[in-house]
$ cat upload12.txt   # compact mmCIF, C-alpha atoms and all ligand atoms
# COMPACT_ATOMS: atom_id res chain seq x y z
CA MET A 1 33.71 2.44 -2.84
CA VAL A 2 32.93 -1.27 -2.96
CA HIS A 3 30.22 -2.03 -5.56
CA GLU A 4 29.19 -5.62 -6.18
CA ILE A 5 26.34 -6.53 -8.50
CA LEU A 6 24.71 -9.91 -7.89
CA PRO A 7 22.06 -11.22 -10.28
CA VAL A 8 19.69 -12.90 -7.79
CA GLY A 9 16.66 -15.15 -8.14
CA MET A 10 14.99 -16.80 -11.11
CA LEU A 11 14.57 -13.48 -12.96
CA ALA A 12 18.20 -12.47 -12.25
CA CYS A 13 17.43 -9.16 -10.58
CA ASN A 14 20.62 -7.11 -10.26
CA CYS A 15 21.12 -6.60 -6.53
CA SER A 16 23.67 -3.83 -5.87
CA ILE A 17 25.79 -3.78 -2.76
CA PHE A 18 27.62 -0.50 -2.14
CA GLY A 19 30.17 -0.39 0.68
CA ASP A 20 32.20 2.48 2.07
CA GLU A 21 35.79 1.46 2.78
CA SER A 22 36.32 3.82 5.72
CA THR A 23 33.05 3.43 7.68
CA ARG A 24 32.50 -0.23 6.53
CA GLU A 25 28.83 0.62 6.07
CA ALA A 26 26.75 -0.65 3.16
CA ILE A 27 23.60 0.14 1.21
CA VAL A 28 21.90 -2.85 -0.40
CA ILE A 29 19.57 -2.16 -3.30
CA ASP A 30 16.95 -4.71 -4.45
CA PRO A 31 17.69 -7.83 -2.39
CA GLY A 32 15.19 -9.87 -4.40
CA ASP A 33 16.41 -13.31 -3.37
CA GLU A 34 19.54 -15.32 -2.44
CA ILE A 35 20.00 -13.47 0.85
CA ALA A 36 22.64 -16.01 2.01
CA LEU A 37 24.82 -14.99 -0.95
CA ILE A 38 24.27 -11.28 -0.22
CA LEU A 39 25.27 -11.84 3.43
CA GLU A 40 28.40 -13.69 2.27
CA VAL A 41 29.47 -10.74 0.12
CA LEU A 42 28.79 -8.33 3.01
CA ALA A 43 30.88 -10.51 5.35
CA ARG A 44 33.71 -10.83 2.81
CA HIS A 45 34.02 -7.01 2.78
CA SER A 46 33.32 -6.68 6.54
CA LEU A 47 30.32 -4.46 5.83
CA THR A 48 27.39 -3.55 8.09
CA VAL A 49 24.15 -2.75 6.27
CA LYS A 50 22.97 0.79 6.96
CA ALA A 51 19.99 0.83 4.59
CA ILE A 52 18.02 -1.49 2.33
CA VAL A 53 16.54 0.27 -0.69
CA ILE A 54 13.79 -1.18 -2.89
CA THR A 55 13.52 0.39 -6.35
CA HIS A 56 9.97 -0.96 -6.72
CA ALA A 57 7.69 -3.59 -5.20
CA HIS A 58 7.95 -6.33 -7.82
CA ILE A 59 8.65 -9.68 -6.17
CA ASP A 60 11.99 -10.17 -7.93
CA HIS A 61 13.28 -6.91 -6.37
CA ILE A 62 11.64 -6.98 -2.92
CA GLY A 63 11.28 -10.73 -2.28
CA GLY A 64 14.27 -11.12 0.06
CA ALA A 65 13.95 -7.76 1.83
CA GLN A 66 12.38 -9.10 5.02
CA LYS A 67 15.04 -11.82 5.36
CA LEU A 68 17.82 -9.27 4.89
CA LYS A 69 16.15 -6.88 7.33
CA GLN A 70 15.87 -9.65 9.92
CA ALA A 71 19.51 -10.61 9.43
CA THR A 72 20.89 -7.05 9.59
CA GLY A 73 18.36 -4.87 11.43
CA ALA A 74 18.69 -2.26 8.68
CA PRO A 75 15.74 0.01 7.79
CA VAL A 76 13.92 -0.46 4.49
CA HIS A 77 13.41 2.50 2.14
CA MET A 78 10.66 2.26 -0.48
CA ASN A 79 8.29 4.72 -2.14
CA ARG A 80 4.79 4.37 -0.71
CA ASN A 81 3.15 4.59 -4.14
CA ASP A 82 4.15 0.92 -4.50
CA GLN A 83 2.33 -0.26 -1.37
CA ALA A 84 -0.68 -1.33 -3.43
CA LEU A 85 1.63 -3.61 -5.43
CA GLN A 86 3.23 -4.85 -2.24
CA ARG A 87 -0.21 -5.93 -1.04
CA MET A 88 -0.53 -8.00 -4.24
CA MET A 89 2.45 -10.20 -3.34
CA ASP A 90 0.33 -13.39 -3.39
CA MET A 91 -0.62 -12.66 -6.99
CA GLN A 92 2.96 -11.78 -7.93
CA ALA A 93 4.18 -15.04 -6.38
CA ALA A 94 1.53 -16.96 -8.35
CA TRP A 95 2.74 -15.34 -11.63
CA LEU A 96 6.19 -16.80 -10.96
CA GLY A 97 4.96 -20.01 -9.36
CA VAL A 98 6.91 -19.41 -6.15
CA ALA A 99 5.96 -19.17 -2.46
CA THR A 100 4.83 -15.74 -1.24
CA PRO A 101 7.76 -14.06 0.55
CA GLU A 102 7.30 -12.61 4.03
CA THR A 103 5.96 -9.05 4.02
CA VAL A 104 8.51 -6.38 4.87
CA GLU A 105 7.51 -3.24 6.73
CA ILE A 106 8.65 0.01 5.12
CA ASP A 107 10.61 2.19 7.56
CA SER A 108 11.25 5.18 5.36
CA PRO A 109 9.34 6.48 2.34
CA ALA A 110 11.84 7.01 -0.46
CA VAL A 111 10.49 10.23 -1.94
CA ASP A 112 11.93 12.35 -4.75
CA GLY A 113 14.76 14.50 -3.40
CA ASP A 114 15.64 12.22 -0.46
CA LYS A 115 19.35 11.75 0.13
CA LEU A 116 21.01 8.77 1.76
CA THR A 117 24.68 9.01 2.65
CA LEU A 118 27.34 6.32 2.61
CA GLY A 119 30.70 7.61 3.80
CA SER A 120 31.16 10.79 1.78
CA ALA A 121 28.90 9.61 -1.07
CA GLU A 122 25.33 10.77 -1.52
CA PHE A 123 22.57 8.60 -2.98
CA HIS A 124 19.79 10.81 -4.39
CA VAL A 125 16.30 9.34 -4.71
CA LEU A 126 14.69 10.15 -8.07
CA HIS A 127 11.00 9.26 -8.32
CA THR A 128 10.69 7.72 -11.80
CA PRO A 129 7.14 6.30 -12.06
CA GLY A 130 5.87 4.42 -15.09
CA HIS A 131 7.08 0.82 -14.70
CA THR A 132 5.23 1.04 -11.37
CA GLN A 133 3.83 4.07 -9.54
CA GLY A 134 6.46 3.91 -6.81
CA SER A 135 9.49 3.20 -9.00
CA ILE A 136 12.61 5.07 -7.93
CA SER A 137 16.12 5.36 -9.32
CA LEU A 138 19.22 6.16 -7.27
CA TRP A 139 21.68 8.74 -8.55
CA ILE A 140 25.14 8.72 -6.98
CA PRO A 141 26.82 11.89 -8.31
CA GLY A 142 30.20 11.28 -6.59
CA GLU A 143 30.49 7.95 -8.42
CA LEU A 144 28.70 9.00 -11.64
CA LYS A 145 26.46 5.95 -11.23
CA LEU A 146 22.72 5.45 -11.58
CA VAL A 147 20.84 2.45 -10.23
CA ALA A 148 17.79 2.47 -12.48
CA GLY A 149 15.59 -0.37 -11.23
CA ASP A 150 13.31 -1.50 -14.06
CA THR A 151 12.91 2.01 -15.52
CA LEU A 152 15.81 2.11 -18.01
CA PHE A 153 17.62 -0.85 -19.56
CA ARG A 154 20.41 -1.19 -22.14
CA ASP A 155 18.49 -0.76 -25.43
CA SER A 156 15.12 -0.96 -23.68
CA ILE A 157 12.80 0.45 -21.02
CA GLY A 158 10.68 -1.17 -18.32
CA ARG A 159 7.47 -2.95 -19.26
CA THR A 160 4.31 -1.00 -18.51
CA ASP A 161 1.65 -3.69 -19.03
CA LEU A 162 1.57 -4.83 -15.39
CA PRO A 163 -0.67 -3.24 -12.70
CA GLY A 164 0.52 0.32 -12.00
CA GLY A 165 2.34 0.59 -15.33
CA ASP A 166 1.98 3.65 -17.60
CA GLY A 167 3.78 3.88 -20.93
CA LYS A 168 3.64 7.68 -21.30
CA GLN A 169 4.69 8.23 -17.71
CA ILE A 170 7.82 6.04 -17.93
CA LEU A 171 9.02 8.01 -20.98
CA ARG A 172 8.36 11.28 -19.14
CA SER A 173 10.31 10.00 -16.11
CA ILE A 174 13.27 8.96 -18.27
CA HIS A 175 13.22 12.22 -20.20
CA GLU A 176 12.85 14.51 -17.18
CA LYS A 177 14.89 12.69 -14.52
CA LEU A 178 17.43 10.39 -16.19
CA LEU A 179 18.51 11.79 -19.56
CA PRO A 180 19.62 15.15 -18.02
CA LEU A 181 22.31 13.25 -16.04
CA PRO A 182 25.87 13.41 -17.46
CA ASP A 183 26.39 11.25 -20.58
CA GLU A 184 29.22 9.33 -18.88
CA THR A 185 26.93 8.20 -16.03
CA ILE A 186 27.10 4.41 -15.70
CA VAL A 187 23.59 2.96 -15.54
CA PHE A 188 22.94 -0.25 -13.59
CA PRO A 189 19.55 -1.57 -14.73
CA GLY A 190 17.42 -3.95 -12.68
CA HIS A 191 18.23 -6.75 -15.13
CA GLY A 192 20.91 -7.39 -17.73
CA GLU A 193 24.01 -5.47 -18.73
CA LEU A 194 25.10 -2.04 -17.58
CA THR A 195 25.12 0.91 -19.95
CA THR A 196 25.60 4.69 -19.88
CA ILE A 197 23.19 7.61 -20.22
CA GLY A 198 25.06 8.74 -23.37
CA ARG A 199 24.79 5.32 -24.97
CA GLU A 200 21.06 5.06 -24.33
CA LYS A 201 20.46 8.60 -25.63
CA GLN A 202 22.15 7.53 -28.85
CA PHE A 203 20.99 3.94 -29.38
CA ASN A 204 17.92 3.12 -27.24
CA PRO A 205 15.11 2.64 -29.81
CA PHE A 206 12.44 3.53 -27.22
CA LEU A 207 13.99 6.96 -26.67
CA SER A 208 14.52 8.02 -30.27
CA GLY A 209 13.22 11.48 -31.00
CA MET A 210 13.26 12.52 -27.33
ZN ZN B 301 9.83 -4.76 -12.15
$ encode --input "upload12.txt" --output "structure tokens" --more "lines below"
Ligand SMILES: [Zn+2]
Amino acid sequence: MVHEILPVGMLACNCSIFGDESTREAIVIDPGDEIALILEVLARHSLTVKAIVITHAHIDHIGGAQKLKQATGAPVHMNRNDQALQRMMDMQAAWLGVATPETVEIDSPAVDGDKLTLGSAEFHVLHTPGHTQGSISLWIPGELKLVAGDTLFRDSIGRTDLPGGDGKQILRSIHEKLLPLPDETIVFPGHGELTTIGREKQFNPFLSGM
């Protein structure tokens, strides 16, 4: 499996590109910005995008989705509980002092229990609200990888002081959906360095006593 992680945009959102070597199909997660770079990586691996997945509707994660959809024709998967946030894109753009990106239409609601396939690998949608109401994480059991959006970080958790955030709920999501995954699971957070479930169980100060 090809897996490239590109920190894109001014907030360095980790965009993940997964590619299957036999089908040459790809899943792109969180194309927040720098779509030309993402398309270059796809071309370098001769990959065709099968699905675009948005972990949550913050501008740094969703901002380039419409451009990537236009360039590839791939459907966009996002949990509908984040549509309220998506409608606040003007405000989100103002927070960052950037132009409002084009609105992307959601083709498929990424609900808890959904499975996307890429070659023989399955990508399981886990609904992990708290950072936002529609936040999802993607669990790829065949690869022992978790793409965590802004829910779980190395030594930290997602902020909950923005609209749709809920501090108790994010801890419940992490406890119920993420910590039960195998300790050796490699976690790819929405920003910053990767980690593992085992490491965060042991050292993450926000999860102590859980
Ligand atoms: Zn976010």
$ residues_near_ligand --input "upload12.txt" --ligand "ligand ZN 301 (chain B)" --cutoff "12 Å" --atoms "all atoms listed in the file" --output "mmCIF file with C-alpha atoms, in the coordinates of the input"
data_model
loop_
_atom_site.group_PDB
_atom_site.id
_atom_site.type_symbol
_atom_site.label_atom_id
_atom_site.label_comp_id
_atom_site.auth_asym_id
_atom_site.auth_seq_id
_atom_site.Cartn_x
_atom_site.Cartn_y
_atom_site.Cartn_z
ATOM 1 C CA LEU A 11 14.570 -13.480 -12.960
ATOM 2 C CA ALA A 12 18.200 -12.470 -12.250
ATOM 3 C CA CYS A 13 17.430 -9.160 -10.580
ATOM 4 C CA ASN A 14 20.620 -7.110 -10.260
ATOM 5 C CA ASP A 30 16.950 -4.710 -4.450
ATOM 6 C CA GLY A 32 15.190 -9.870 -4.400
ATOM 7 C CA ILE A 54 13.790 -1.180 -2.890
ATOM 8 C CA THR A 55 13.520 0.390 -6.350
ATOM 9 C CA HIS A 56 9.970 -0.960 -6.720
ATOM 10 C CA ALA A 57 7.690 -3.590 -5.200
ATOM 11 C CA HIS A 58 7.950 -6.330 -7.820
ATOM 12 C CA ILE A 59 8.650 -9.680 -6.170
ATOM 13 C CA ASP A 60 11.990 -10.170 -7.930
ATOM 14 C CA HIS A 61 13.280 -6.910 -6.370
ATOM 15 C CA ILE A 62 11.640 -6.980 -2.920
ATOM 16 C CA GLY A 63 11.280 -10.730 -2.280
ATOM 17 C CA ASP A 82 4.150 0.920 -4.500
ATOM 18 C CA LEU A 85 1.630 -3.610 -5.430
ATOM 19 C CA GLN A 86 3.230 -4.850 -2.240
ATOM 20 C CA GLN A 92 2.960 -11.780 -7.930
ATOM 21 C CA PRO A 129 7.140 6.300 -12.060
ATOM 22 C CA GLY A 130 5.870 4.420 -15.090
ATOM 23 C CA HIS A 131 7.080 0.820 -14.700
ATOM 24 C CA THR A 132 5.230 1.040 -11.370
ATOM 25 C CA GLN A 133 3.830 4.070 -9.540
ATOM 26 C CA GLY A 134 6.460 3.910 -6.810
ATOM 27 C CA SER A 135 9.490 3.200 -9.000
ATOM 28 C CA ILE A 136 12.610 5.070 -7.930
ATOM 29 C CA ALA A 148 17.790 2.470 -12.480
ATOM 30 C CA GLY A 149 15.590 -0.370 -11.230
ATOM 31 C CA ASP A 150 13.310 -1.500 -14.060
ATOM 32 C CA THR A 151 12.910 2.010 -15.520
ATOM 33 C CA LEU A 152 15.810 2.110 -18.010
ATOM 34 C CA PHE A 153 17.620 -0.850 -19.560
ATOM 35 C CA ILE A 157 12.800 0.450 -21.020
ATOM 36 C CA GLY A 158 10.680 -1.170 -18.320
ATOM 37 C CA ARG A 159 7.470 -2.950 -19.260
ATOM 38 C CA THR A 160 4.310 -1.000 -18.510
ATOM 39 C CA ASP A 161 1.650 -3.690 -19.030
ATOM 40 C CA LEU A 162 1.570 -4.830 -15.390
ATOM 41 C CA PRO A 163 -0.670 -3.240 -12.700
ATOM 42 C CA GLY A 164 0.520 0.320 -12.000
ATOM 43 C CA GLY A 165 2.340 0.590 -15.330
ATOM 44 C CA PRO A 189 19.550 -1.570 -14.730
ATOM 45 C CA GLY A 190 17.420 -3.950 -12.680
ATOM 46 C CA HIS A 191 18.230 -6.750 -15.130
#
$ closest_residue --input "upload12.txt" --among "A:Arg172, A:Lys50, A:Arg44, A:His124" --to "Leu68 of chain A" --atoms "only C-alpha atoms"
A:Lys50
$ atom_distance --input "upload12.txt" --atom1 "atom CA of Gln169 of chain A" --atom2 "atom CA of Asp90 of chain A"
26.3 Å
$ residues_near_point --input "upload12.txt" --point "(8.0, 3.4, -1.0)" --cutoff "8 Å" --atoms "all atoms listed in the file" --output "count of residues only"
15
$ closest_residue --input "upload12.txt" --among "A:Glu21, A:Thr195, A:His175, A:Glu102" --to "Leu146 of chain A" --atoms "only C-alpha atoms"
A:Thr195
$ atom_distance --input "upload12.txt" --atom1 "atom CA of Leu126 of chain A" --atom2 "atom CA of Gly198 of chain A"
18.5 Å
$ atom_distance --input "upload12.txt" --atom1 "atom CA of Leu116 of chain A" --atom2 "atom CA of Val41 of chain A"
21.3 Å
$ closest_residue --input "upload12.txt" --among "A:Glu105, A:Asp20, A:Asp166, A:Asp112" --to "Thr48 of chain A" --atoms "all atoms listed in the file"
A:Asp20
$ closest_residue --input "upload12.txt" --among "A:Val147, A:Val2, A:Ala99, A:Ala121" --to "Cys15 of chain A" --atoms "all atoms listed in the file"
A:Val147
$ closest_residue --input "upload12.txt" --among "A:Leu42, A:Arg154, A:Thr72, A:Glu122" --to "Gly192 of chain A" --atoms "all atoms listed in the file"
A:Arg154
$ closest_residue --input "upload12.txt" --among "A:Ser208, A:Thr196, A:Ser120, A:Ser22" --to "His45 of chain A" --atoms "all atoms listed in the file"
A:Ser22
$ residues_near_point --input "upload12.txt" --point "(24.5, -4.5, 1.8)" --cutoff "9 Å" --atoms "all atoms listed in the file" --output "ChimeraX atom specification"
/A:16-19,25-29,31,38-39,41-42,47-52,68,72
$ decode --input "upload12.txt" --residues "segment 114-151 of chain A" --atoms "N, CA and C atoms" --output "PDB file, in the first residue's frame"
ATOM      1  N   ASP A 114     -19.555   2.578   8.397  1.00  0.00           N
ATOM      2  CA  ASP A 114     -19.321   2.540   6.942  1.00  0.00           C
ATOM      3  C   ASP A 114     -17.961   1.923   6.657  1.00  0.00           C
ATOM      4  N   LYS A 115     -17.879   1.236   5.515  1.00  0.00           N
ATOM      5  CA  LYS A 115     -16.585   0.673   5.100  1.00  0.00           C
ATOM      6  C   LYS A 115     -16.302   1.085   3.672  1.00  0.00           C
ATOM      7  N   LEU A 116     -15.120   1.640   3.461  1.00  0.00           N
ATOM      8  CA  LEU A 116     -14.647   1.905   2.106  1.00  0.00           C
ATOM      9  C   LEU A 116     -13.589   0.845   1.830  1.00  0.00           C
ATOM     10  N   THR A 117     -13.473   0.431   0.564  1.00  0.00           N
ATOM     11  CA  THR A 117     -12.428  -0.541   0.254  1.00  0.00           C
ATOM     12  C   THR A 117     -11.431   0.062  -0.719  1.00  0.00           C
ATOM     13  N   LEU A 118     -10.188  -0.370  -0.560  1.00  0.00           N
ATOM     14  CA  LEU A 118      -9.116   0.058  -1.471  1.00  0.00           C
ATOM     15  C   LEU A 118      -8.276  -1.187  -1.699  1.00  0.00           C
ATOM     16  N   GLY A 119      -8.397  -1.782  -2.908  1.00  0.00           N
ATOM     17  CA  GLY A 119      -7.783  -3.084  -3.119  1.00  0.00           C
ATOM     18  C   GLY A 119      -8.387  -4.048  -2.119  1.00  0.00           C
ATOM     19  N   SER A 120      -7.527  -4.738  -1.365  1.00  0.00           N
ATOM     20  CA  SER A 120      -8.066  -5.685  -0.378  1.00  0.00           C
ATOM     21  C   SER A 120      -8.197  -5.037   1.006  1.00  0.00           C
ATOM     22  N   ALA A 121      -7.831  -3.761   1.129  1.00  0.00           N
ATOM     23  CA  ALA A 121      -7.875  -3.103   2.442  1.00  0.00           C
ATOM     24  C   ALA A 121      -9.240  -2.471   2.698  1.00  0.00           C
ATOM     25  N   GLU A 122      -9.656  -2.537   3.957  1.00  0.00           N
ATOM     26  CA  GLU A 122     -10.903  -1.880   4.357  1.00  0.00           C
ATOM     27  C   GLU A 122     -10.580  -0.653   5.190  1.00  0.00           C
ATOM     28  N   PHE A 123     -11.334   0.404   4.961  1.00  0.00           N
ATOM     29  CA  PHE A 123     -11.244   1.634   5.747  1.00  0.00           C
ATOM     30  C   PHE A 123     -12.562   1.763   6.505  1.00  0.00           C
ATOM     31  N   HIS A 124     -12.527   1.612   7.816  1.00  0.00           N
ATOM     32  CA  HIS A 124     -13.747   1.660   8.627  1.00  0.00           C
ATOM     33  C   HIS A 124     -13.956   3.078   9.153  1.00  0.00           C
ATOM     34  N   VAL A 125     -15.160   3.597   8.968  1.00  0.00           N
ATOM     35  CA  VAL A 125     -15.490   4.924   9.493  1.00  0.00           C
ATOM     36  C   VAL A 125     -15.893   4.785  10.960  1.00  0.00           C
ATOM     37  N   LEU A 126     -15.183   5.503  11.833  1.00  0.00           N
ATOM     38  CA  LEU A 126     -15.555   5.585  13.247  1.00  0.00           C
ATOM     39  C   LEU A 126     -16.037   7.006  13.495  1.00  0.00           C
ATOM     40  N   HIS A 127     -17.276   7.155  13.972  1.00  0.00           N
ATOM     41  CA  HIS A 127     -17.762   8.501  14.305  1.00  0.00           C
ATOM     42  C   HIS A 127     -17.188   8.861  15.665  1.00  0.00           C
ATOM     43  N   THR A 128     -16.353   9.899  15.701  1.00  0.00           N
ATOM     44  CA  THR A 128     -15.661  10.287  16.942  1.00  0.00           C
ATOM     45  C   THR A 128     -15.918  11.773  17.229  1.00  0.00           C
ATOM     46  N   PRO A 129     -17.170  12.134  17.560  1.00  0.00           N
ATOM     47  CA  PRO A 129     -17.501  13.546  17.778  1.00  0.00           C
ATOM     48  C   PRO A 129     -16.831  14.117  19.028  1.00  0.00           C
ATOM     49  N   GLY A 130     -16.738  15.442  19.044  1.00  0.00           N
ATOM     50  CA  GLY A 130     -16.157  16.129  20.199  1.00  0.00           C
ATOM     51  C   GLY A 130     -15.340  17.337  19.750  1.00  0.00           C
ATOM     52  N   HIS A 131     -14.383  17.111  18.837  1.00  0.00           N
ATOM     53  CA  HIS A 131     -13.681  18.261  18.229  1.00  0.00           C
ATOM     54  C   HIS A 131     -14.705  19.030  17.394  1.00  0.00           C
ATOM     55  N   THR A 132     -15.482  18.282  16.602  1.00  0.00           N
ATOM     56  CA  THR A 132     -16.684  18.811  15.934  1.00  0.00           C
ATOM     57  C   THR A 132     -17.725  17.699  16.011  1.00  0.00           C
ATOM     58  N   GLN A 133     -18.978  18.017  15.705  1.00  0.00           N
ATOM     59  CA  GLN A 133     -20.034  17.003  15.815  1.00  0.00           C
ATOM     60  C   GLN A 133     -19.934  15.928  14.735  1.00  0.00           C
ATOM     61  N   GLY A 134     -19.338  16.275  13.603  1.00  0.00           N
ATOM     62  CA  GLY A 134     -19.240  15.291  12.521  1.00  0.00           C
ATOM     63  C   GLY A 134     -17.857  14.689  12.375  1.00  0.00           C
ATOM     64  N   SER A 135     -17.004  14.843  13.374  1.00  0.00           N
ATOM     65  CA  SER A 135     -15.634  14.314  13.264  1.00  0.00           C
ATOM     66  C   SER A 135     -15.642  12.790  13.119  1.00  0.00           C
ATOM     67  N   ILE A 136     -14.872  12.311  12.156  1.00  0.00           N
ATOM     68  CA  ILE A 136     -14.699  10.865  11.996  1.00  0.00           C
ATOM     69  C   ILE A 136     -13.206  10.532  12.022  1.00  0.00           C
ATOM     70  N   SER A 137     -12.937   9.257  12.347  1.00  0.00           N
ATOM     71  CA  SER A 137     -11.588   8.717  12.235  1.00  0.00           C
ATOM     72  C   SER A 137     -11.695   7.525  11.299  1.00  0.00           C
ATOM     73  N   LEU A 138     -10.604   7.189  10.639  1.00  0.00           N
ATOM     74  CA  LEU A 138     -10.606   6.032   9.737  1.00  0.00           C
ATOM     75  C   LEU A 138      -9.659   4.973  10.268  1.00  0.00           C
ATOM     76  N   TRP A 139     -10.208   3.781  10.459  1.00  0.00           N
ATOM     77  CA  TRP A 139      -9.442   2.658  10.998  1.00  0.00           C
ATOM     78  C   TRP A 139      -9.218   1.655   9.864  1.00  0.00           C
ATOM     79  N   ILE A 140      -7.942   1.355   9.627  1.00  0.00           N
ATOM     80  CA  ILE A 140      -7.563   0.467   8.522  1.00  0.00           C
ATOM     81  C   ILE A 140      -6.930  -0.767   9.144  1.00  0.00           C
ATOM     82  N   PRO A 141      -7.760  -1.782   9.503  1.00  0.00           N
ATOM     83  CA  PRO A 141      -7.241  -2.917  10.277  1.00  0.00           C
ATOM     84  C   PRO A 141      -6.124  -3.673   9.562  1.00  0.00           C
ATOM     85  N   GLY A 142      -6.225  -3.842   8.237  1.00  0.00           N
ATOM     86  CA  GLY A 142      -5.204  -4.603   7.496  1.00  0.00           C
ATOM     87  C   GLY A 142      -3.834  -3.951   7.539  1.00  0.00           C
ATOM     88  N   GLU A 143      -3.799  -2.664   7.818  1.00  0.00           N
ATOM     89  CA  GLU A 143      -2.537  -1.911   7.864  1.00  0.00           C
ATOM     90  C   GLU A 143      -2.165  -1.528   9.294  1.00  0.00           C
ATOM     91  N   LEU A 144      -3.079  -1.798  10.236  1.00  0.00           N
ATOM     92  CA  LEU A 144      -2.922  -1.350  11.629  1.00  0.00           C
ATOM     93  C   LEU A 144      -2.636   0.154  11.670  1.00  0.00           C
ATOM     94  N   LYS A 145      -3.463   0.921  10.937  1.00  0.00           N
ATOM     95  CA  LYS A 145      -3.303   2.367  10.901  1.00  0.00           C
ATOM     96  C   LYS A 145      -4.627   3.042  11.232  1.00  0.00           C
ATOM     97  N   LEU A 146      -4.517   4.198  11.884  1.00  0.00           N
ATOM     98  CA  LEU A 146      -5.690   5.009  12.205  1.00  0.00           C
ATOM     99  C   LEU A 146      -5.416   6.439  11.738  1.00  0.00           C
ATOM    100  N   VAL A 147      -6.324   6.959  10.916  1.00  0.00           N
ATOM    101  CA  VAL A 147      -6.240   8.373  10.549  1.00  0.00           C
ATOM    102  C   VAL A 147      -7.232   9.083  11.467  1.00  0.00           C
ATOM    103  N   ALA A 148      -6.715   9.938  12.346  1.00  0.00           N
ATOM    104  CA  ALA A 148      -7.505  10.396  13.493  1.00  0.00           C
ATOM    105  C   ALA A 148      -8.074  11.804  13.354  1.00  0.00           C
ATOM    106  N   GLY A 149      -7.851  12.457  12.193  1.00  0.00           N
ATOM    107  CA  GLY A 149      -8.336  13.832  12.086  1.00  0.00           C
ATOM    108  C   GLY A 149      -7.811  14.656  13.247  1.00  0.00           C
ATOM    109  N   ASP A 150      -8.641  15.567  13.770  1.00  0.00           N
ATOM    110  CA  ASP A 150      -8.196  16.380  14.908  1.00  0.00           C
ATOM    111  C   ASP A 150      -8.758  15.853  16.224  1.00  0.00           C
ATOM    112  N   THR A 151      -9.016  14.537  16.304  1.00  0.00           N
ATOM    113  CA  THR A 151      -9.536  13.964  17.547  1.00  0.00           C
ATOM    114  C   THR A 151      -8.401  13.617  18.503  1.00  0.00           C
TER     115      THR A 151
END
